[in-house]
2 protein chains.
Amino acid sequence: MHLDEPMGIFSKTCEYAMRAVFYIAQKSEEGQKVGIREIALHINSPEPFLAKILQKLSKDGLILSSKGPNGGFYVDSGGLQRPLADIVRAIEGDSIFTGCGMGLSYCSESNPCPLHEDFKKVRGQIVVMLQNTLIGKFNEGLIAGQLTLNK
Amino acid sequence: MHLDEPMGIFSKTCEYAMRAVFYIAQKSEEGQKVGIREIALHINSPEPFLAKILQKLSKDGLILSSKGPNGGFYVDSGGLQRPLADIVRAIEGDSIFTGCGMGLSYCSESNPCPLHEDFKKVRGQIVVMLQNTLIGKFNEGLIAGQLTLNK
DNA sequence: TAAATAAAAGATAAAAAACTCTTTTATTTA
DNA sequence: TAAATAAAAGAGTTTTTTATCTTTTATTTA
């Protein structure tokens, strides 16, 4: 019913995605592409599972990739300016931004559930956070080694 | 990867728990105990699954129960004054209040991850919301029929 | 053009969450 | 005290999420 440790706000899939994209962004700023093995190592995620996630982000155009030697994942300068919200939305869908906190399907602006207004505020703040956090936001800190993305 | 509808902030288990407790609180205010069947019906949850959830809440002392005819679940006047946070904590554990948004286990006040401060604000607001929402908060609205807890 | 590299894709497996069913125990009331 | 009621408890099942393994395709460079 409630266990050892999990349960943040986001799924593990989404957590891996966020960490991976920050890592890729850092390497891109340094002018390098980076392979899955290295990413997985540095953000502490299972490599094949991460591969799936990055494939999806790549297909959605949120990150770029190239095959072959010296290939790997990267983002261009436009990508560095994208908000983290794009990543979360690609993985979790819209419902985290819009769904009812109590899971009521009827709940909406015009027919709100008891907690609707309170949840709206919380969600608003999550959206602000995810919109304000650009993918390249932590590059300096990461490059300088003041920040890490591994467990 | 991302599906038809789910993914709120809380698990379904937790959503059912919140809705059920609001419903029980309403009935308790009206002086009635209420059986699982009726609760499940009114909050739109699978009855046997809900039974498990209520058993846990009951064991934790967050709601009360009595067996036999005219038995059922209820809360006393003290229970009506409890915050919703108690319910959520019983189901989800503490991590939703304290865990790292990016799933980093090292992340803490003294060794924060890149998003630590932003997440702290969001979590603070969730806590405020859950602490300010007392279990009996919506009784009038529910009794008057202005609010519902079903899908 | 061959060898090496790296992502893409597909198929499976394990773990957790959500859900169901059956039996037992306690309580009430007729 | 017997019958009815309702929660408690235990033992499954199903679905979803998380994770793994294998094969294929594309690209580069030597």
# chains A, B, ... in the order shown; residues from 1 in each chain; ligands from 1
call {"tool": "select_by_dssp", "arguments": {"residues": "region 9-120 of chain B", "states": "helix (DSSP H, G or I)", "output": "PyMOL selection string"}}
result
chain B and resi 12-29+36-43+47-59+77-80+84-92+95-98+116-120
call {"tool": "interface_residues", "arguments": {"of": "chain A", "to": "chain D", "cutoff": "7 Å", "atoms": "only C-alpha atoms (C1' of nucleotides)", "output": "VMD selection string"}}
result
chain A and resid 48 to 49 67 to 69
call {"tool": "write_last_selection", "arguments": {"atoms": "N, CA, C and O atoms", "output": "PDB file, in the first residue's frame"}}
result
ATOM      1  N   PRO A  48      18.777   0.027 -21.192  1.00  0.00           N
ATOM      2  CA  PRO A  48      17.827  -0.274 -22.268  1.00  0.00           C
ATOM      3  C   PRO A  48      16.496   0.458 -22.075  1.00  0.00           C
ATOM      4  O   PRO A  48      15.825   0.802 -23.047  1.00  0.00           O
ATOM      5  N   PHE A  49      16.156   0.678 -20.838  1.00  0.00           N
ATOM      6  CA  PHE A  49      14.906   1.387 -20.564  1.00  0.00           C
ATOM      7  C   PHE A  49      15.042   2.845 -20.968  1.00  0.00           C
ATOM      8  O   PHE A  49      14.165   3.433 -21.615  1.00  0.00           O
ATOM      9  N   LYS A  67      23.229   8.275 -35.799  1.00  0.00           N
ATOM     10  CA  LYS A  67      23.799   6.939 -35.632  1.00  0.00           C
ATOM     11  C   LYS A  67      25.261   6.937 -36.018  1.00  0.00           C
ATOM     12  O   LYS A  67      25.802   7.922 -36.498  1.00  0.00           O
ATOM     13  N   GLY A  68      25.855   5.783 -35.814  1.00  0.00           N
ATOM     14  CA  GLY A  68      27.223   5.586 -36.274  1.00  0.00           C
ATOM     15  C   GLY A  68      28.271   6.126 -35.319  1.00  0.00           C
ATOM     16  O   GLY A  68      27.946   6.752 -34.307  1.00  0.00           O
ATOM     17  N   PRO A  69      29.510   5.897 -35.649  1.00  0.00           N
ATOM     18  CA  PRO A  69      30.614   6.374 -34.816  1.00  0.00           C
ATOM     19  C   PRO A  69      30.529   7.894 -34.629  1.00  0.00           C
ATOM     20  O   PRO A  69      30.170   8.611 -35.569  1.00  0.00           O
TER      21      PRO A  69
END
call {"tool": "select_by_dssp", "arguments": {"residues": "region 16-129 of chain B", "states": "strand (DSSP E)", "output": "number ranges by chain"}}
result
B: 64-66, 72-74
call {"tool": "residues_around", "arguments": {"residues": "Met18 (chain B)", "least_positions_apart": "3", "cutoff": "9 Å", "atoms": "only C-alpha atoms (C1' of nucleotides)", "output": "PyMOL selection string"}}
result
(chain A and resi 102) or (chain B and resi 13-15+21-23+84+87-88+135)
call {"tool": "residues_around", "arguments": {"residues": "Asn132 (chain B)", "least_positions_apart": "5", "cutoff": "9 Å", "atoms": "only C-alpha atoms (C1' of nucleotides)", "output": "compact mmCIF listing (two decimals) with all heavy atoms, in the first residue's frame"}}
result
# COMPACT_ATOMS: atom_id res chain seq x y z
N PRO B 83 -6.79 16.86 9.18
CA PRO B 83 -6.51 17.33 7.81
C PRO B 83 -6.44 16.16 6.83
O PRO B 83 -6.09 15.04 7.20
CB PRO B 83 -5.13 17.97 7.94
CG PRO B 83 -4.48 17.25 9.06
CD PRO B 83 -5.59 16.88 10.03
N LEU B 84 -6.77 16.47 5.59
CA LEU B 84 -6.67 15.49 4.51
C LEU B 84 -5.25 14.93 4.38
O LEU B 84 -5.05 13.81 3.93
CB LEU B 84 -7.10 16.16 3.21
CG LEU B 84 -7.25 15.31 1.96
CD1 LEU B 84 -8.23 14.17 2.19
CD2 LEU B 84 -7.70 16.15 0.78
N ALA B 85 -4.29 15.73 4.81
CA ALA B 85 -2.89 15.29 4.76
C ALA B 85 -2.68 13.96 5.47
O ALA B 85 -1.88 13.14 5.04
CB ALA B 85 -1.97 16.35 5.37
N VAL B 127 1.37 20.69 0.59
CA VAL B 127 1.22 20.46 2.03
C VAL B 127 0.21 21.43 2.62
O VAL B 127 -0.68 21.05 3.38
CB VAL B 127 2.57 20.59 2.76
CG1 VAL B 127 2.38 20.63 4.26
CG2 VAL B 127 3.49 19.44 2.37
call {"tool": "residues_around", "arguments": {"residues": "Cys100 (chain B)", "least_positions_apart": "6", "cutoff": "9 Å", "atoms": "only C-alpha atoms (C1' of nucleotides)", "output": "list in words"}}
result
Gly8 and Ile9 of chain A; Tyr106, Cys107, Ser108, Pro112, Cys113, Leu115, His116, Phe119 and Lys120 of chain B
call {"tool": "write_last_selection", "arguments": {"atoms": "C-alpha atoms", "output": "compact mmCIF listing (two decimals), in the first residue's frame"}}
result
# COMPACT_ATOMS: atom_id res chain seq x y z
CA GLY A 8 7.34 11.40 -6.28
CA ILE A 9 5.14 13.66 -8.33
CA TYR B 106 21.18 12.09 -2.71
CA CYS B 107 19.05 15.22 -3.04
CA SER B 108 18.52 17.02 0.24
CA PRO B 112 20.21 19.81 -3.38
CA CYS B 113 19.55 18.72 -6.96
CA LEU B 115 15.40 21.61 -9.24
CA HIS B 116 15.35 21.28 -5.48
CA PHE B 119 10.13 21.58 -6.10
CA LYS B 120 10.23 22.66 -2.50
call {"tool": "atom_distance", "arguments": {"atom1": "CA of Arg19 (chain B)", "atom2": "CA of Glu38 (chain B)"}}
result
12.7 Å
call {"tool": "closest_atom_pairs", "arguments": {"of": "chain C", "to": "chain B", "cutoff": "10 Å", "atoms": "only C-alpha atoms (C1' of nucleotides)", "output": "JSON lines"}}
result
{"residue": "C:DA17", "atom": "C1'", "partner": "B:Thr13", "partner_atom": "CA", "distance": 8.9}
{"residue": "C:DA18", "atom": "C1'", "partner": "B:Phe49", "partner_atom": "CA", "distance": 7.9}
{"residue": "C:DC19", "atom": "C1'", "partner": "B:Phe49", "partner_atom": "CA", "distance": 6.0}
{"residue": "C:DT20", "atom": "C1'", "partner": "B:Pro48", "partner_atom": "CA", "distance": 6.8}
{"residue": "C:DC21", "atom": "C1'", "partner": "B:Pro48", "partner_atom": "CA", "distance": 8.8}
{"residue": "C:DT25", "atom": "C1'", "partner": "B:Lys67", "partner_atom": "CA", "distance": 9.4}
{"residue": "C:DA26", "atom": "C1'", "partner": "B:Lys67", "partner_atom": "CA", "distance": 6.1}
{"residue": "C:DT27", "atom": "C1'", "partner": "B:Gly68", "partner_atom": "CA", "distance": 4.2}
{"residue": "C:DT28", "atom": "C1'", "partner": "B:Pro69", "partner_atom": "CA", "distance": 5.3}
{"residue": "C:DT29", "atom": "C1'", "partner": "B:Pro69", "partner_atom": "CA", "distance": 8.0}
call {"tool": "atom_distance", "arguments": {"atom1": "CA of Leu149 (chain B)", "atom2": "CA of Gly35 (chain B)"}}
result
16.1 Å
call {"tool": "interface_residues", "arguments": {"of": "chain A", "to": "chain B", "cutoff": "8 Å", "atoms": "only C-alpha atoms", "output": "PyMOL selection string"}}
result
chain A and resi 1-3+5-10+12+15-16+18-19+90-93+95-96+99-106+113-114+118-119+122+125-126+129+138+147-151
call {"tool": "closest_residue", "arguments": {"among": "A:Leu62, A:Gly31, A:Ala51, A:Ile39", "to": "DA8 (chain C)", "atoms": "only C-alpha atoms (C1' of nucleotides)"}}
result
A:Ala51
